[in-house]
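Chemist: A single structure is presented below for examination.
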Amino acid sequence: MLREINFDGIVGPSHNYAGLSLGNLAATRHAGDTAFPREAALQGIAKMRHNLRLGLAQGFFLPLPRPNRAFLHDMCADGEFDPALTAMAWSASSMWTANAATVSPAPDTADGRCHLTVANLVTMPHRSIEWPDTLRQLRIAFADQTHFAVHGPVPPTFGDEGAANHMRMGASHAEAGVEIFIYGRPGGKFPARQHEQAFRAIARRHGLNPGRCIFAEQAPEAIAAGAFHNDVVAVANEDVLFCHEQAFADKDALYAAIREKLPTAKIVEVPASAVSLADAISSYLFNAQLVTLPEEVQALIVPTEAWDNAPVRAFLDAMVAGNGPIRKVLPVDVRQSMANGGGPACLRLRVVADPATVDPRFMLDEARADLLEGVIARHWPERISSAEIGNEALADRIRNAHGHLCEAVGLKDYG
Ligand code: SUG
């Protein structure tokens with residue numbers, strides 16, 4: 001049976017705050033802070049357990065091998081210490097699996113398979129080095145070619161950040177959906193990471209029906225305010241779109257296109273008068289997981305930062321008290337990831353598929369959550385300060401921790 005499976009990225013043992021992402025205000029603000037990789041990874045497992053207990057299907061992806069020695073070698077920087085390049089090679093940024101790939105589930109595609117295109121992430125150097133290892137992992141997890149087609153990246157001239165800028169709406173997950181691709185236009189205060197042509201290429205290679213695709217521009221003011229991905233200002237699930245009033249360049253045209261293709265669509269727009277763009281971005285209200293619970297109601301899984309923000313809380317209380325399509329709000333604590341600009345939605349990649357067709361080593365249940373927790377508690381560094389980035393003994397410890405995790409889940413060769 002087709003279900004939505006959320007694949008969360010396990011926070012890697014090299015998690016640190018290096019301030020690598022221009023336009024990502026949280027990451028910039030926390031540059032140089034001491035990070036707590038063990039706590040970060042345990043927060044991630046707790047979020048997965050939380051969602052598992054709601055009756056949702058949960059999978060995970062492994063952290064990528066770090067430090068990335070091949071990158072330092074390619075940059076001829078393996079002989080001498082270069083702080084900027086070393087920080088890139090050490091980044092644990094693959095935890096944000098919403099940027100791993102763009103996913104078009106089987107009901108939407110011409111050949112009836114679920115198509116995944118790994119994101120090239122070219123705009124940020126530390127993220128541009130993720131895709132080869134991510135692709136290797138996707139090809140293991142979704143190796144069943146009768147159900148999945150896993151594609152390499154689109155050419156790097158066209159920046160692609162994957163599912164973080166992609167929304168899918170439909171009557172239910174298992175029915176043909178409307179795929180909505182949000183891109184940015186360059187020339188603003190901060191980089192527009194998602195290029196329109198990258199998404200148009202993905203829609204073609206996934207075999208989508210052009211009549212069921214929408215391409216729309218993200219509001220330049222949203223990018224300038226710190227919404228470096230669309231999932232910082234909007235999230236969709238089945239027939240519900242939850243978004244900020246200032247998320248899109250031409251919201252009326254977008255809403256009309258959605259309603260034309262999906263007449264039952266419900267759009268929950270948060271006005272700037274209730275929650276300013278600045279509050280939306282600092283609280284990550286929209287970087288939430290909007291999910292359909294087994295009892296068929298929709299719930300919004302928000303970061304605790306959203307719950308603690310007064311105007312956001314007032315909006316959420318009124319929303320739940322009203323008769324809207326989002327019936328529950330459930331806060332989760334992912335503070336270590338949040339400080340790098342990664343909320344609950346950044347940490348997961350949604351794949352609509354039959355869980356039985358996915359390599360079982362990537363699926364989570366309570367026993368495997370225990371296993372992951374045990375490895376993390378034993379091997380993840382407790383803290384990493386900025387002065388320690390590049391330390392050889394710590395690098396060995398990180399590689400060793402990664403090796404233990406791969407071995408524990410039966411993916412020893414993914415080292
Ligand atoms: O690409 N942060 C990530 C956060 C990604 C969030 N993902 C989504 N919105 N889907 C980024 O900006 C910061 C790393 C550092 O500075 O150390 C970082 O890469």
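Letters for chains follow the order of the structure tokens (A, B, ...), residue numbers begin at 1 for each chain, and ligand numbers begin at 1 in the order shown.
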Just asking: which residues within region 228-367 of chain A are strand (DSSP E) according to DSSP, as a PyMOL selection string?

Modeler: chain A and resi 234-237+240-244+266-270+289-292+298-303+326-332+348-353

Chemist: Kindly export the residues of the current selection with N, CA and C atoms, as an mmCIF file, in the first residue's frame.

Modeler:
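And here's selection-v5.cif as it stands now:
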data_model
loop_
_atom_site.group_PDB
_atom_site.id
_atom_site.type_symbol
_atom_site.label_atom_id
_atom_site.label_comp_id
_atom_site.auth_asym_id
_atom_site.auth_seq_id
_atom_site.Cartn_x
_atom_site.Cartn_y
_atom_site.Cartn_z
ATOM 1 N N ALA A 234 6.185 27.942 3.655
ATOM 2 C CA ALA A 234 5.001 27.209 3.170
ATOM 3 C C ALA A 234 5.200 25.713 3.350
ATOM 4 N N VAL A 235 4.081 25.006 3.566
ATOM 5 C CA VAL A 235 4.121 23.539 3.609
ATOM 6 C C VAL A 235 2.759 23.031 3.135
ATOM 7 N N ALA A 236 2.763 21.919 2.401
ATOM 8 C CA ALA A 236 1.498 21.370 1.895
ATOM 9 C C ALA A 236 1.386 19.903 2.276
ATOM 10 N N ASN A 237 0.166 19.452 2.420
ATOM 11 C CA ASN A 237 -0.108 18.025 2.639
ATOM 12 C C ASN A 237 -1.489 17.717 2.106
ATOM 13 N N VAL A 240 -4.279 20.394 1.575
ATOM 14 C CA VAL A 240 -4.091 21.598 2.385
ATOM 15 C C VAL A 240 -2.744 22.272 2.077
ATOM 16 N N LEU A 241 -2.811 23.570 1.837
ATOM 17 C CA LEU A 241 -1.590 24.383 1.736
ATOM 18 C C LEU A 241 -1.602 25.352 2.911
ATOM 19 N N PHE A 242 -0.522 25.344 3.686
ATOM 20 C CA PHE A 242 -0.379 26.232 4.839
ATOM 21 C C PHE A 242 0.792 27.151 4.509
ATOM 22 N N CYS A 243 0.532 28.451 4.396
ATOM 23 C CA CYS A 243 1.605 29.328 3.930
ATOM 24 C C CYS A 243 1.459 30.742 4.486
ATOM 25 N N HIS A 244 2.557 31.462 4.385
ATOM 26 C CA HIS A 244 2.536 32.862 4.789
ATOM 27 C C HIS A 244 2.036 33.722 3.633
ATOM 28 N N LYS A 266 -7.617 23.408 0.092
ATOM 29 C CA LYS A 266 -7.882 24.351 1.182
ATOM 30 C C LYS A 266 -6.582 25.104 1.448
ATOM 31 N N ILE A 267 -6.669 26.415 1.372
ATOM 32 C CA ILE A 267 -5.456 27.211 1.557
ATOM 33 C C ILE A 267 -5.557 27.966 2.875
ATOM 34 N N VAL A 268 -4.662 27.631 3.788
ATOM 35 C CA VAL A 268 -4.636 28.310 5.093
ATOM 36 C C VAL A 268 -3.501 29.323 5.014
ATOM 37 N N GLU A 269 -3.880 30.572 4.790
ATOM 38 C CA GLU A 269 -2.878 31.623 4.613
ATOM 39 C C GLU A 269 -2.745 32.400 5.924
ATOM 40 N N VAL A 270 -1.523 32.565 6.382
ATOM 41 C CA VAL A 270 -1.290 33.319 7.620
ATOM 42 C C VAL A 270 -0.980 34.765 7.249
ATOM 43 N N GLN A 289 6.086 19.841 9.895
ATOM 44 C CA GLN A 289 5.606 18.678 9.154
ATOM 45 C C GLN A 289 4.086 18.705 9.229
ATOM 46 N N LEU A 290 3.455 18.855 8.084
ATOM 47 C CA LEU A 290 1.995 18.788 8.035
ATOM 48 C C LEU A 290 1.664 17.366 7.614
ATOM 49 N N VAL A 291 1.049 16.626 8.524
ATOM 50 C CA VAL A 291 0.855 15.188 8.283
ATOM 51 C C VAL A 291 -0.604 14.790 8.483
ATOM 52 N N THR A 292 -0.969 13.709 7.816
ATOM 53 C CA THR A 292 -2.300 13.137 8.026
ATOM 54 C C THR A 292 -2.158 11.992 9.017
ATOM 55 N N GLN A 298 -5.480 16.231 10.049
ATOM 56 C CA GLN A 298 -4.147 16.760 9.767
ATOM 57 C C GLN A 298 -3.570 17.441 11.007
ATOM 58 N N ALA A 299 -2.285 17.165 11.231
ATOM 59 C CA ALA A 299 -1.581 17.751 12.379
ATOM 60 C C ALA A 299 -0.333 18.467 11.879
ATOM 61 N N LEU A 300 0.024 19.528 12.591
ATOM 62 C CA LEU A 300 1.194 20.324 12.249
ATOM 63 C C LEU A 300 2.247 20.091 13.337
ATOM 64 N N ILE A 301 3.376 19.514 12.928
ATOM 65 C CA ILE A 301 4.453 19.235 13.888
ATOM 66 C C ILE A 301 5.449 20.383 13.790
ATOM 67 N N VAL A 302 5.434 21.241 14.803
ATOM 68 C CA VAL A 302 6.203 22.492 14.751
ATOM 69 C C VAL A 302 7.422 22.414 15.680
ATOM 70 N N PRO A 303 8.445 23.223 15.417
ATOM 71 C CA PRO A 303 9.546 23.295 16.387
ATOM 72 C C PRO A 303 9.096 24.050 17.641
ATOM 73 N N ILE A 326 -6.514 22.062 9.760
ATOM 74 C CA ILE A 326 -5.394 21.586 10.592
ATOM 75 C C ILE A 326 -5.902 21.530 12.029
ATOM 76 N N ARG A 327 -6.024 20.325 12.546
ATOM 77 C CA ARG A 327 -6.739 20.129 13.806
ATOM 78 C C ARG A 327 -5.833 20.057 15.023
ATOM 79 N N LYS A 328 -4.565 19.787 14.820
ATOM 80 C CA LYS A 328 -3.675 19.608 15.982
ATOM 81 C C LYS A 328 -2.341 20.282 15.708
ATOM 82 N N VAL A 329 -1.705 20.756 16.783
ATOM 83 C CA VAL A 329 -0.345 21.292 16.679
ATOM 84 C C VAL A 329 0.516 20.548 17.699
ATOM 85 N N LEU A 330 1.606 19.975 17.243
ATOM 86 C CA LEU A 330 2.442 19.140 18.111
ATOM 87 C C LEU A 330 3.882 19.659 18.069
ATOM 88 N N PRO A 331 4.374 20.254 19.173
ATOM 89 C CA PRO A 331 5.758 20.770 19.159
ATOM 90 C C PRO A 331 6.806 19.669 19.383
ATOM 91 N N VAL A 332 7.934 19.798 18.692
ATOM 92 C CA VAL A 332 9.085 18.905 18.912
ATOM 93 C C VAL A 332 10.344 19.754 19.112
ATOM 94 N N ARG A 348 13.494 16.081 7.122
ATOM 95 C CA ARG A 348 12.881 14.886 6.543
ATOM 96 C C ARG A 348 12.630 15.007 5.040
ATOM 97 N N LEU A 349 12.759 13.845 4.368
ATOM 98 C CA LEU A 349 12.395 13.754 2.957
ATOM 99 C C LEU A 349 11.152 12.878 2.864
ATOM 100 N N ARG A 350 10.125 13.401 2.221
ATOM 101 C CA ARG A 350 8.888 12.623 2.077
ATOM 102 C C ARG A 350 8.944 11.774 0.813
ATOM 103 N N VAL A 351 8.656 10.509 0.980
ATOM 104 C CA VAL A 351 8.591 9.588 -0.164
ATOM 105 C C VAL A 351 7.278 8.827 -0.039
ATOM 106 N N VAL A 352 6.412 8.970 -1.031
ATOM 107 C CA VAL A 352 5.182 8.172 -1.024
ATOM 108 C C VAL A 352 5.500 6.868 -1.746
ATOM 109 N N ALA A 353 5.421 5.778 -1.019
ATOM 110 C CA ALA A 353 5.787 4.461 -1.567
ATOM 111 C C ALA A 353 5.223 3.388 -0.647
#

Chemist: Just the residues within 6 Å of region 28-39 of chain A, please, counting only C-alpha atoms, with nothing from its chain fewer than 4 positions along; format it as a ChimeraX atom specification.

Modeler: /A:13,15-19,380-386

Chemist: Could you turn the residues from that selection into a file that holds C-alpha atoms, as a PDB file, in the first residue's frame?

Modeler:
ATOM      1  CA  PRO A  13      28.955  13.159  14.516  1.00  0.00           C
ATOM      2  CA  HIS A  15      27.648  18.555  13.580  1.00  0.00           C
ATOM      3  CA  ASN A  16      29.006  22.065  14.106  1.00  0.00           C
ATOM      4  CA  TYR A  17      28.201  25.732  13.611  1.00  0.00           C
ATOM      5  CA  ALA A  18      30.441  27.245  10.939  1.00  0.00           C
ATOM      6  CA  GLY A  19      28.161  29.935   9.510  1.00  0.00           C
ATOM      7  CA  TRP A 380      28.996  10.743  19.031  1.00  0.00           C
ATOM      8  CA  PRO A 381      31.208  13.553  20.372  1.00  0.00           C
ATOM      9  CA  GLU A 382      29.498  15.434  23.123  1.00  0.00           C
ATOM     10  CA  ARG A 383      30.598  18.833  21.855  1.00  0.00           C
ATOM     11  CA  ILE A 384      32.521  20.464  19.013  1.00  0.00           C
ATOM     12  CA  SER A 385      33.815  24.003  19.360  1.00  0.00           C
ATOM     13  CA  SER A 386      34.846  25.981  16.320  1.00  0.00           C
TER      14      SER A 386
END

Chemist: Ranking A:Leu262, A:Val375, A:Val334, A:Val150 by minimum distance to Met48 (chain A) and counting only C-alpha atoms, which one comes first?

Modeler: A:Val334

Chemist: Which residue out of A:Thr146, A:Asn323, A:Asn309, A:Ser94 has the minimum interatomic distance to ligand 1 when only C-alpha atoms and all ligand atoms are used?

Modeler: A:Ser94

Chemist: Using only C-alpha atoms and all ligand atoms, find each protein or nucleic acid residue lying at most 8 Å from ligand 1; present the set as number ranges by chain.

Modeler: A: 15-24, 27-28, 30-31, 87-88, 91-93, 96-99, 124, 126-127, 163-165, 227-232, 287, 340-343, 345-347

Chemist: Would you output that residue set with C-alpha atoms, as a PDB file, in the first residue's frame?

Modeler:
ATOM      1  CA  HIS A  15      27.648  18.555  13.580  1.00  0.00           C
ATOM      2  CA  ASN A  16      29.006  22.065  14.106  1.00  0.00           C
ATOM      3  CA  TYR A  17      28.201  25.732  13.611  1.00  0.00           C
ATOM      4  CA  ALA A  18      30.441  27.245  10.939  1.00  0.00           C
ATOM      5  CA  GLY A  19      28.161  29.935   9.510  1.00  0.00           C
ATOM      6  CA  LEU A  20      28.430  28.572   6.005  1.00  0.00           C
ATOM      7  CA  SER A  21      25.076  29.565   4.509  1.00  0.00           C
ATOM      8  CA  LEU A  22      24.663  33.192   3.456  1.00  0.00           C
ATOM      9  CA  GLY A  23      20.971  34.095   3.611  1.00  0.00           C
ATOM     10  CA  ASN A  24      20.253  31.504   6.333  1.00  0.00           C
ATOM     11  CA  ALA A  27      23.166  29.634  10.708  1.00  0.00           C
ATOM     12  CA  THR A  28      24.876  32.995  10.333  1.00  0.00           C
ATOM     13  CA  HIS A  30      25.211  30.897  15.429  1.00  0.00           C
ATOM     14  CA  ALA A  31      28.533  30.863  13.566  1.00  0.00           C
ATOM     15  CA  ALA A  87      34.701  23.667   7.703  1.00  0.00           C
ATOM     16  CA  MET A  88      33.009  22.752   4.416  1.00  0.00           C
ATOM     17  CA  SER A  91      29.793  19.990   7.679  1.00  0.00           C
ATOM     18  CA  ALA A  92      27.039  17.602   8.762  1.00  0.00           C
ATOM     19  CA  SER A  93      24.600  19.442   6.488  1.00  0.00           C
ATOM     20  CA  TRP A  96      18.570  18.211   6.196  1.00  0.00           C
ATOM     21  CA  THR A  97      17.217  15.556   3.889  1.00  0.00           C
ATOM     22  CA  ALA A  98      14.502  17.841   2.501  1.00  0.00           C
ATOM     23  CA  ASN A  99      17.448  18.915   0.336  1.00  0.00           C
ATOM     24  CA  MET A 124      26.510  26.600  -1.153  1.00  0.00           C
ATOM     25  CA  HIS A 126      29.617  22.863   1.632  1.00  0.00           C
ATOM     26  CA  ARG A 127      26.343  21.448   0.321  1.00  0.00           C
ATOM     27  CA  ALA A 163      12.131  18.828  -2.012  1.00  0.00           C
ATOM     28  CA  ALA A 164      12.561  21.937   0.164  1.00  0.00           C
ATOM     29  CA  ASN A 165      11.104  23.923  -2.738  1.00  0.00           C
ATOM     30  CA  ALA A 227      13.502  32.268   3.642  1.00  0.00           C
ATOM     31  CA  PHE A 228      16.333  30.618   1.753  1.00  0.00           C
ATOM     32  CA  HIS A 229      14.027  27.715   0.880  1.00  0.00           C
ATOM     33  CA  ASN A 230      10.282  27.745   0.236  1.00  0.00           C
ATOM     34  CA  ASP A 231       9.726  25.327   3.133  1.00  0.00           C
ATOM     35  CA  VAL A 232      10.565  28.186   5.501  1.00  0.00           C
ATOM     36  CA  ASN A 287       9.096  24.562   8.622  1.00  0.00           C
ATOM     37  CA  ASN A 340      21.716  26.010  11.827  1.00  0.00           C
ATOM     38  CA  GLY A 341      18.409  26.920  10.180  1.00  0.00           C
ATOM     39  CA  GLY A 342      17.008  23.381  10.000  1.00  0.00           C
ATOM     40  CA  GLY A 343      13.555  22.741  11.463  1.00  0.00           C
ATOM     41  CA  ALA A 345      10.560  19.824   7.845  1.00  0.00           C
ATOM     42  CA  CYS A 346      14.191  20.319   6.780  1.00  0.00           C
ATOM     43  CA  LEU A 347      15.132  17.143   8.599  1.00  0.00           C
TER      44      LEU A 347
END

Chemist: Would you mind listing what lies within 7 Å of region 363-371 of chain A as a VMD selection string, with only C-alpha atoms counted and same-chain residues fewer than 6 positions away left out?

Modeler: chain A and resid 45 58 to 60

Chemist: Which residue is closest to Ile398 (chain A)? Choose from A:Gly12, A:Thr157, A:His206, A:Pro107 and count only C-alpha atoms.

Modeler: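 Looking only at the distances to Ile398 (chain A), the closest residue turns out to be A:Gly12.
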
Chemist: Out of A:Ala224, A:Ile5, A:Ile180, A:Ile389, which residue has the shortest atom-to-atom distance to Leu52 (chain A) when counting only C-alpha atoms?

Modeler: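 Ranked by minimum distance to Leu52 (chain A), first place goes to A:Ile5.
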
Chemist: With DSSP run on the backbone, what are the helix (DSSP H, G or I) residues within region 18-257 of chain A? I'd like them as number ranges by chain.

Modeler: A: 25-29, 37-53, 69-74, 83-90, 93-95, 97-99, 106-108, 125-128, 131-141, 162-165, 196-205, 210-212, 220-224, 230-232, 251-257
